[in-house]
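Undergrad: This is data.pdb (PDB, C-alpha atoms, pLDDT in the B column).
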ATOM      1  CA  MET E   1      45.716 120.838 -53.355  1.00 47.00           C
ATOM      2  CA  THR E   2      45.073 119.296 -56.739  1.00 57.00           C
ATOM      3  CA  THR E   3      43.272 121.226 -59.446  1.00 74.00           C
ATOM      4  CA  THR E   4      42.432 120.457 -63.044  1.00 85.00           C
ATOM      5  CA  VAL E   5      42.879 123.919 -64.617  1.00 94.00           C
ATOM      6  CA  LEU E   6      45.304 122.394 -67.137  1.00 96.00           C
ATOM      7  CA  LYS E   7      43.374 119.168 -67.718  1.00 95.00           C
ATOM      8  CA  GLY E   8      44.738 117.442 -70.793  1.00 92.00           C
ATOM      9  CA  ARG E   9      46.904 120.405 -71.863  1.00 96.00           C
ATOM     10  CA  ARG E  10      50.223 119.286 -73.360  1.00 97.00           C
ATOM     11  CA  ILE E  11      53.279 121.049 -71.983  1.00 98.00           C
ATOM     12  CA  ALA E  12      56.800 120.632 -73.408  1.00 98.00           C
ATOM     13  CA  ILE E  13      59.743 120.686 -70.999  1.00 98.00           C
ATOM     14  CA  LEU E  14      62.875 121.342 -73.044  1.00 98.00           C
ATOM     15  CA  ALA E  15      65.945 120.021 -71.227  1.00 98.00           C
ATOM     16  CA  ALA E  16      69.305 118.346 -71.816  1.00 98.00           C
ATOM     17  CA  ASP E  17      72.092 116.761 -69.781  1.00 98.00           C
ATOM     18  CA  GLY E  18      73.003 118.978 -66.845  1.00 97.00           C
ATOM     19  CA  VAL E  19      69.458 120.077 -66.032  1.00 98.00           C
ATOM     20  CA  GLU E  20      69.020 121.116 -62.409  1.00 98.00           C
ATOM     21  CA  ARG E  21      66.805 118.336 -61.027  1.00 98.00           C
ATOM     22  CA  ILE E  22      64.635 120.441 -58.721  1.00 98.00           C
ATOM     23  CA  GLU E  23      64.021 123.023 -61.477  1.00 98.00           C
ATOM     24  CA  LEU E  24      62.541 120.339 -63.712  1.00 98.00           C
ATOM     25  CA  GLU E  25      60.906 118.163 -61.072  1.00 98.00           C
ATOM     26  CA  ARG E  26      59.019 120.768 -58.996  1.00 98.00           C
ATOM     27  CA  PRO E  27      57.448 122.730 -61.886  1.00 98.00           C
ATOM     28  CA  ARG E  28      56.607 119.472 -63.656  1.00 98.00           C
ATOM     29  CA  GLN E  29      54.856 118.223 -60.527  1.00 98.00           C
ATOM     30  CA  ALA E  30      52.878 121.471 -60.264  1.00 98.00           C
ATOM     31  CA  LEU E  31      51.815 121.175 -63.901  1.00 98.00           C
ATOM     32  CA  ASP E  32      50.943 117.474 -63.555  1.00 97.00           C
ATOM     33  CA  ASP E  33      48.966 118.233 -60.369  1.00 97.00           C
ATOM     34  CA  ALA E  34      46.993 120.821 -62.366  1.00 97.00           C
ATOM     35  CA  GLY E  35      46.060 118.124 -64.898  1.00 96.00           C
ATOM     36  CA  ALA E  36      48.629 118.830 -67.622  1.00 97.00           C
ATOM     37  CA  VAL E  37      50.339 116.180 -69.728  1.00 97.00           C
ATOM     38  CA  THR E  38      54.073 116.939 -69.650  1.00 98.00           C
ATOM     39  CA  ASP E  39      56.701 115.700 -72.111  1.00 98.00           C
ATOM     40  CA  ILE E  40      60.430 116.006 -71.658  1.00 98.00           C
ATOM     41  CA  VAL E  41      61.742 117.119 -75.040  1.00 98.00           C
ATOM     42  CA  SER E  42      65.488 116.916 -75.586  1.00 98.00           C
ATOM     43  CA  ILE E  43      68.317 116.919 -78.105  1.00 98.00           C
ATOM     44  CA  THR E  44      69.119 113.244 -77.466  1.00 97.00           C
ATOM     45  CA  SER E  45      66.933 110.190 -76.951  1.00 97.00           C
ATOM     46  CA  GLY E  46      66.953 107.855 -73.958  1.00 98.00           C
ATOM     47  CA  GLU E  47      67.668 109.688 -70.722  1.00 98.00           C
ATOM     48  CA  ILE E  48      69.147 113.010 -69.692  1.00 98.00           C
ATOM     49  CA  GLN E  49      71.457 113.385 -66.721  1.00 98.00           C
ATOM     50  CA  ALA E  50      70.202 115.652 -63.930  1.00 98.00           C
ATOM     51  CA  ARG E  51      72.363 117.586 -61.481  1.00 97.00           C
ATOM     52  CA  ASP E  52      72.005 118.957 -57.984  1.00 97.00           C
ATOM     53  CA  HIS E  53      73.679 122.377 -57.548  1.00 92.00           C
ATOM     54  CA  ASP E  54      75.263 121.842 -60.996  1.00 91.00           C
ATOM     55  CA  LEU E  55      77.927 119.518 -59.598  1.00 91.00           C
ATOM     56  CA  GLU E  56      76.364 116.467 -58.000  1.00 94.00           C
ATOM     57  CA  ASP E  57      74.813 113.591 -59.935  1.00 95.00           C
ATOM     58  CA  ALA E  58      71.054 113.657 -59.343  1.00 96.00           C
ATOM     59  CA  GLY E  59      69.787 110.753 -61.428  1.00 97.00           C
ATOM     60  CA  THR E  60      68.157 110.846 -64.826  1.00 97.00           C
ATOM     61  CA  PHE E  61      64.919 111.752 -66.584  1.00 98.00           C
ATOM     62  CA  VAL E  62      63.459 109.772 -69.460  1.00 98.00           C
ATOM     63  CA  VAL E  63      63.186 111.725 -72.705  1.00 98.00           C
ATOM     64  CA  ASP E  64      59.706 111.562 -74.247  1.00 98.00           C
ATOM     65  CA  GLN E  65      60.367 113.377 -77.545  1.00 98.00           C
ATOM     66  CA  LEU E  66      63.261 114.649 -79.642  1.00 98.00           C
ATOM     67  CA  VAL E  67      63.182 118.387 -80.259  1.00 98.00           C
ATOM     68  CA  GLY E  68      63.661 117.962 -84.016  1.00 95.00           C
ATOM     69  CA  LYS E  69      60.598 115.708 -84.227  1.00 98.00           C
ATOM     70  CA  VAL E  70      58.044 117.991 -82.520  1.00 98.00           C
ATOM     71  CA  SER E  71      56.688 121.464 -83.189  1.00 97.00           C
ATOM     72  CA  VAL E  72      55.018 124.290 -81.324  1.00 97.00           C
ATOM     73  CA  ASP E  73      51.674 123.014 -82.666  1.00 97.00           C
ATOM     74  CA  ASP E  74      52.078 119.862 -80.536  1.00 98.00           C
ATOM     75  CA  TYR E  75      52.038 121.788 -77.230  1.00 98.00           C
ATOM     76  CA  GLU E  76      50.162 124.534 -75.390  1.00 97.00           C
ATOM     77  CA  ALA E  77      53.144 125.815 -73.376  1.00 98.00           C
ATOM     78  CA  LEU E  78      56.904 125.444 -72.877  1.00 98.00           C
ATOM     79  CA  LEU E  79      58.976 125.109 -69.695  1.00 98.00           C
ATOM     80  CA  LEU E  80      62.740 125.769 -69.728  1.00 98.00           C
ATOM     81  CA  PRO E  81      64.401 124.614 -66.489  1.00 98.00           C
ATOM     82  CA  GLY E  82      67.939 125.688 -65.647  1.00 96.00           C
ATOM     83  CA  GLY E  83      71.187 124.231 -64.503  1.00 96.00           C
ATOM     84  CA  THR E  84      74.328 125.755 -65.988  1.00 95.00           C
ATOM     85  CA  VAL E  85      75.152 122.981 -68.456  1.00 96.00           C
ATOM     86  CA  ASN E  86      71.589 122.335 -69.685  1.00 97.00           C
ATOM     87  CA  PRO E  87      70.933 125.677 -71.469  1.00 97.00           C
ATOM     88  CA  ASP E  88      74.515 125.749 -72.736  1.00 96.00           C
ATOM     89  CA  LYS E  89      73.920 122.403 -74.488  1.00 97.00           C
ATOM     90  CA  LEU E  90      70.522 123.543 -75.807  1.00 98.00           C
ATOM     91  CA  ARG E  91      71.898 126.754 -77.302  1.00 96.00           C
ATOM     92  CA  MET E  92      74.379 124.712 -79.366  1.00 97.00           C
ATOM     93  CA  GLU E  93      71.558 122.708 -80.997  1.00 98.00           C
ATOM     94  CA  PRO E  94      69.801 124.570 -83.856  1.00 98.00           C
ATOM     95  CA  ALA E  95      66.566 122.573 -83.476  1.00 98.00           C
ATOM     96  CA  ALA E  96      66.332 123.535 -79.779  1.00 98.00           C
ATOM     97  CA  VAL E  97      67.009 127.202 -80.521  1.00 98.00           C
ATOM     98  CA  LYS E  98      64.349 127.175 -83.247  1.00 98.00           C
ATOM     99  CA  PHE E  99      61.845 125.481 -80.907  1.00 98.00           C
ATOM    100  CA  VAL E 100      62.339 128.211 -78.276  1.00 98.00           C
ATOM    101  CA  ARG E 101      62.132 131.000 -80.871  1.00 98.00           C
ATOM    102  CA  ASP E 102      59.010 129.514 -82.480  1.00 98.00           C
ATOM    103  CA  PHE E 103      57.328 129.143 -79.080  1.00 97.00           C
ATOM    104  CA  VAL E 104      57.986 132.724 -78.014  1.00 98.00           C
ATOM    105  CA  GLU E 105      56.922 134.070 -81.412  1.00 98.00           C
ATOM    106  CA  SER E 106      53.728 131.955 -81.370  1.00 97.00           C
ATOM    107  CA  GLY E 107      52.424 133.865 -78.356  1.00 97.00           C
ATOM    108  CA  LYS E 108      51.997 130.646 -76.376  1.00 98.00           C
ATOM    109  CA  PRO E 109      53.290 130.814 -72.794  1.00 98.00           C
ATOM    110  CA  VAL E 110      56.943 130.077 -72.082  1.00 98.00           C
ATOM    111  CA  ALA E 111      58.390 129.821 -68.566  1.00 98.00           C
ATOM    112  CA  SER E 112      62.034 129.662 -67.556  1.00 98.00           C
ATOM    113  CA  ILE E 113      63.996 129.650 -64.311  1.00 98.00           C
ATOM    114  CA  CYS E 114      67.565 130.267 -63.163  1.00 97.00           C
ATOM    115  CA  HIS E 115      69.987 129.731 -66.122  1.00 98.00           C
ATOM    116  CA  GLY E 116      67.119 128.685 -68.433  1.00 98.00           C
ATOM    117  CA  PRO E 117      66.614 132.213 -69.857  1.00 98.00           C
ATOM    118  CA  TRP E 118      69.991 131.836 -71.590  1.00 97.00           C
ATOM    119  CA  SER E 119      67.974 130.119 -74.317  1.00 97.00           C
ATOM    120  CA  PHE E 120      66.199 133.431 -74.990  1.00 98.00           C
ATOM    121  CA  VAL E 121      69.562 135.027 -75.838  1.00 98.00           C
ATOM    122  CA  GLU E 122      70.464 132.403 -78.428  1.00 97.00           C
ATOM    123  CA  ALA E 123      66.936 132.425 -79.894  1.00 98.00           C
ATOM    124  CA  ASP E 124      67.120 136.238 -80.161  1.00 98.00           C
ATOM    125  CA  VAL E 125      63.825 136.757 -78.301  1.00 98.00           C
ATOM    126  CA  ALA E 126      65.083 138.624 -75.220  1.00 98.00           C
ATOM    127  CA  ARG E 127      65.118 142.076 -76.829  1.00 98.00           C
ATOM    128  CA  GLY E 128      62.566 144.409 -75.287  1.00 98.00           C
ATOM    129  CA  ARG E 129      61.466 141.852 -72.684  1.00 98.00           C
ATOM    130  CA  ARG E 130      61.407 142.345 -68.920  1.00 98.00           C
ATOM    131  CA  LEU E 131      63.158 139.251 -67.507  1.00 98.00           C
ATOM    132  CA  THR E 132      64.828 137.894 -64.399  1.00 98.00           C
ATOM    133  CA  SER E 133      67.340 135.069 -64.023  1.00 98.00           C
ATOM    134  CA  TRP E 134      70.267 133.712 -62.060  1.00 97.00           C
ATOM    135  CA  PRO E 135      72.661 136.648 -61.460  1.00 97.00           C
ATOM    136  CA  SER E 136      75.520 135.300 -63.608  1.00 96.00           C
ATOM    137  CA  ILE E 137      73.556 135.462 -66.867  1.00 97.00           C
ATOM    138  CA  ARG E 138      71.944 138.868 -66.359  1.00 98.00           C
ATOM    139  CA  THR E 139      74.689 140.647 -68.321  1.00 98.00           C
ATOM    140  CA  ASP E 140      74.062 138.305 -71.266  1.00 98.00           C
ATOM    141  CA  LEU E 141      70.338 139.084 -71.098  1.00 98.00           C
ATOM    142  CA  ARG E 142      71.025 142.846 -70.935  1.00 98.00           C
ATOM    143  CA  ASN E 143      73.432 142.590 -73.866  1.00 98.00           C
ATOM    144  CA  ALA E 144      70.678 140.798 -75.801  1.00 98.00           C
ATOM    145  CA  GLY E 145      68.367 143.769 -75.207  1.00 98.00           C
ATOM    146  CA  ALA E 146      66.322 142.635 -72.209  1.00 98.00           C
ATOM    147  CA  GLU E 147      65.331 144.787 -69.271  1.00 98.00           C
ATOM    148  CA  VAL E 148      66.676 142.699 -66.384  1.00 98.00           C
ATOM    149  CA  VAL E 149      65.135 142.940 -62.927  1.00 98.00           C
ATOM    150  CA  ASP E 150      65.871 141.210 -59.626  1.00 98.00           C
ATOM    151  CA  GLU E 151      62.411 139.910 -58.712  1.00 98.00           C
ATOM    152  CA  GLN E 152      61.110 136.529 -57.559  1.00 97.00           C
ATOM    153  CA  VAL E 153      58.953 135.945 -60.627  1.00 98.00           C
ATOM    154  CA  VAL E 154      58.335 138.170 -63.656  1.00 98.00           C
ATOM    155  CA  THR E 155      55.784 137.821 -66.436  1.00 98.00           C
ATOM    156  CA  ASP E 156      56.167 139.919 -69.571  1.00 98.00           C
ATOM    157  CA  GLY E 157      53.634 139.011 -72.247  1.00 97.00           C
ATOM    158  CA  ASN E 158      53.939 135.282 -72.825  1.00 98.00           C
ATOM    159  CA  ILE E 159      57.275 134.852 -70.978  1.00 98.00           C
ATOM    160  CA  THR E 160      57.540 134.112 -67.249  1.00 98.00           C
ATOM    161  CA  THR E 161      60.958 133.983 -65.577  1.00 98.00           C
ATOM    162  CA  SER E 162      62.321 133.341 -62.087  1.00 98.00           C
ATOM    163  CA  ARG E 163      65.752 133.669 -60.460  1.00 98.00           C
ATOM    164  CA  SER E 164      66.569 130.455 -58.619  1.00 97.00           C
ATOM    165  CA  PRO E 165      65.313 127.311 -56.861  1.00 97.00           C
ATOM    166  CA  ASP E 166      64.472 129.520 -53.860  1.00 97.00           C
ATOM    167  CA  ASP E 167      61.748 131.073 -56.036  1.00 98.00           C
ATOM    168  CA  LEU E 168      60.162 127.755 -57.044  1.00 98.00           C
ATOM    169  CA  PRO E 169      56.977 128.108 -54.926  1.00 98.00           C
ATOM    170  CA  ALA E 170      56.107 131.454 -56.557  1.00 98.00           C
ATOM    171  CA  PHE E 171      57.316 130.298 -59.986  1.00 98.00           C
ATOM    172  CA  CYS E 172      55.227 127.106 -59.904  1.00 98.00           C
ATOM    173  CA  GLU E 173      52.112 128.974 -58.815  1.00 97.00           C
ATOM    174  CA  ARG E 174      52.576 131.604 -61.539  1.00 98.00           C
ATOM    175  CA  ILE E 175      53.225 129.175 -64.400  1.00 98.00           C
ATOM    176  CA  VAL E 176      50.119 127.152 -63.594  1.00 97.00           C
ATOM    177  CA  GLN E 177      48.161 130.429 -63.597  1.00 96.00           C
ATOM    178  CA  GLU E 178      49.735 131.729 -66.841  1.00 97.00           C
ATOM    179  CA  PHE E 179      49.399 128.405 -68.652  1.00 97.00           C
ATOM    180  CA  ALA E 180      45.752 128.112 -67.522  1.00 95.00           C
ATOM    181  CA  ASN E 181      44.952 131.686 -68.620  1.00 92.00           C
ATOM    182  CA  ALA E 182      46.442 131.002 -72.041  1.00 87.00           C
ATOM    183  CA  ALA E 183      44.480 127.753 -72.307  1.00 70.00           C
ATOM    184  CA  GLN E 184      41.240 129.597 -71.467  1.00 73.00           C
ATOM    185  CA  SER E 185      42.001 132.326 -74.026  1.00 73.00           C
ATOM    186  CA  ALA E 186      42.738 129.716 -76.691  1.00 68.00           C
ATOM    187  CA  GLY E 187      39.513 127.894 -75.893  1.00 58.00           C
ATOM    188  CA  ALA E 188      37.479 131.099 -76.083  1.00 53.00           C
ATOM    189  CA  GLY E 189      38.850 132.374 -79.343  1.00 46.00           C
ATOM    190  CA  GLY E 190      40.626 129.582 -81.130  1.00 42.00           C
ATOM    191  CA  ARG E 191      44.252 128.603 -80.680  1.00 39.00           C
ATOM    192  CA  ALA E 192      46.528 131.238 -79.236  1.00 37.00           C
TER     193      ALA E 192
END
What does the file become when written as structure tokens?
TA:
Amino acid sequence: MTTTVLKGRRIAILAADGVERIELERPRQALDDAGAVTDIVSITSGEIQARDHDLEDAGTFVVDQLVGKVSVDDYEALLLPGGTVNPDKLRMEPAAVKFVRDFVESGKPVASICHGPWSFVEADVARGRRLTSWPSIRTDLRNAGAEVVDEQVVTDGNITTSRSPDDLPAFCERIVQEFANAAQSAGAGGRA
């Protein structure tokens, strides 16, 4: 079913080489189906290499924008897909870390799945948040001050997180809902 609850809303998808293909592709499709305009924002231009189960080559995605050339003001929401290598590369790039931090601090919605929440650790925005993630990074999230839970999808304020590709149906439904609610709030009372 196609809906237009996000009609014309610009959504940034921050990703780098090693992104888990399904974790970028499925949420992006859900957002596009809801009428959003999605941009892949990365630390390098050209294309980023996707993976399947972290190990297998899964093609590429075209990069639309460089993270150092855009700002939170250019987008209504942010999606952080996982894959083990992807967030590790992003956390080594100061412009990517700043982009994540600025987004969370802006109050605009941010969604992340699997290993993606690792970016919250580096951006120092996990403290006091209720989050979920892939099991192997939960200790890092706890050490960064997050309350970590093992649930399919969790929303705490403007951050929505999910555990794994198995949770994609619930994650996709929730992010469309959260991004639409934020868009409605911004429209009713100015920019969020």
Undergrad: Name the closest residue to Leu14 in chain E among the candidates E:Ser119, E:Gln184, E:Gln49, E:Gln152; distances are taken between atoms, counting all atoms listed in the file.
TA: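 Counting all atoms listed in the file, the residue closest to Leu14 in chain E is E:Ser119.
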Undergrad: May I have the residues within 7 Å of Leu6 in chain E as a list in words, using all atoms listed in the file and disregarding those fewer than 5 positions away in the same chain?
TA: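 Result of the neighbour search: Ala34, Gly35, Ala36 and Ala180 of chain E.
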Undergrad: Tell me which of E:Arg21, E:Leu131, E:Pro165, E:Asp102 sits closest to Glu151 in chain E, counting only C-alpha atoms.
TA: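 Among E:Arg21, E:Leu131, E:Pro165, E:Asp102, it is E:Leu131 that comes nearest to Glu151 in chain E.
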Undergrad: Could you expand the PyMOL selection byres ((chain E and resi 70) around 12) into the explicit residues it covers here, written as a list in words?
TA: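 So the PyMOL selection byres ((chain E and resi 70) around 12), applied here, picks out Ile11, Ala12, Ile13, Leu14, Asp39, Ile40, Val41, Ser42, Ile43, Asp64, Gln65, Leu66, Val67, Gly68, Lys69, Ser71, Val72, Asp73, Asp74, Tyr75, Ala95, Ala96, Lys98, Phe99, Val100, Asp102 and Phe103 of chain E.
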Undergrad: Name every residue that the PyMOL selection byres ((chain E and resi 111) around 7) selects in this structure, writing the answer as number ranges by chain with chains first and numbers rising.
TA: E: 78-80, 109-110, 112, 159-161, 175
Undergrad: For those residues, write C-alpha atoms to a file as a CSV table (one decimal), in the frame of the given file.
TA:
chain,number,residue,atom,x,y,z
E,78,LEU,CA,56.9,125.4,-72.9
E,79,LEU,CA,59.0,125.1,-69.7
E,80,LEU,CA,62.7,125.8,-69.7
E,109,PRO,CA,53.3,130.8,-72.8
E,110,VAL,CA,56.9,130.1,-72.1
E,112,SER,CA,62.0,129.7,-67.6
E,159,ILE,CA,57.3,134.9,-71.0
E,160,THR,CA,57.5,134.1,-67.2
E,161,THR,CA,61.0,134.0,-65.6
E,175,ILE,CA,53.2,129.2,-64.4
Undergrad: To test your reading of the syntax: which residues would the PyMOL selection byres ((chain E and resi 115) around 7) return for the file shown? Reply as a short mmCIF file (atom, residue, chain, number, x, y, z; two decimals) with C-alpha atoms, in the coordinates of the input.
TA:
data_model
loop_
_atom_site.label_atom_id
_atom_site.label_comp_id
_atom_site.auth_asym_id
_atom_site.auth_seq_id
_atom_site.Cartn_x
_atom_site.Cartn_y
_atom_site.Cartn_z
CA GLY E 82 67.94 125.69 -65.65
CA GLY E 83 71.19 124.23 -64.50
CA THR E 84 74.33 125.76 -65.99
CA PRO E 87 70.93 125.68 -71.47
CA ILE E 113 64.00 129.65 -64.31
CA CYS E 114 67.56 130.27 -63.16
CA GLY E 116 67.12 128.68 -68.43
CA PRO E 117 66.61 132.21 -69.86
CA TRP E 118 69.99 131.84 -71.59
CA SER E 133 67.34 135.07 -64.02
CA TRP E 134 70.27 133.71 -62.06
CA ILE E 137 73.56 135.46 -66.87
#
Undergrad: Neighbouring residues of Asp57 in chain E were defined as those with any atom within 12 Å, considering all atoms listed in the file; residues of the same chain fewer than 6 positions away were excluded. Please report them as an MDAnalysis selection string.
TA: chainID E and resid 17:21 48:51
Undergrad: What gap, in Å, lies between CA of Glu47 in chain E and CA of Thr60 in chain E?
TA: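 Answer for the CA of Glu47 in chain E to CA of Thr60 in chain E separation: 6.0 Å.
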Undergrad: I'd like to know which of E:Pro169, E:Pro81, E:Pro27, E:Gly107 is closest to Val125 in chain E, using only C-alpha atoms.
TA: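 Nearest to Val125 in chain E: E:Gly107.
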Undergrad: Could you check how far CA of Thr38 in chain E sits from CA of Thr4 in chain E, in Å to one decimal?
TA: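 CA of Thr38 in chain E sits 13.8 Å away from CA of Thr4 in chain E.
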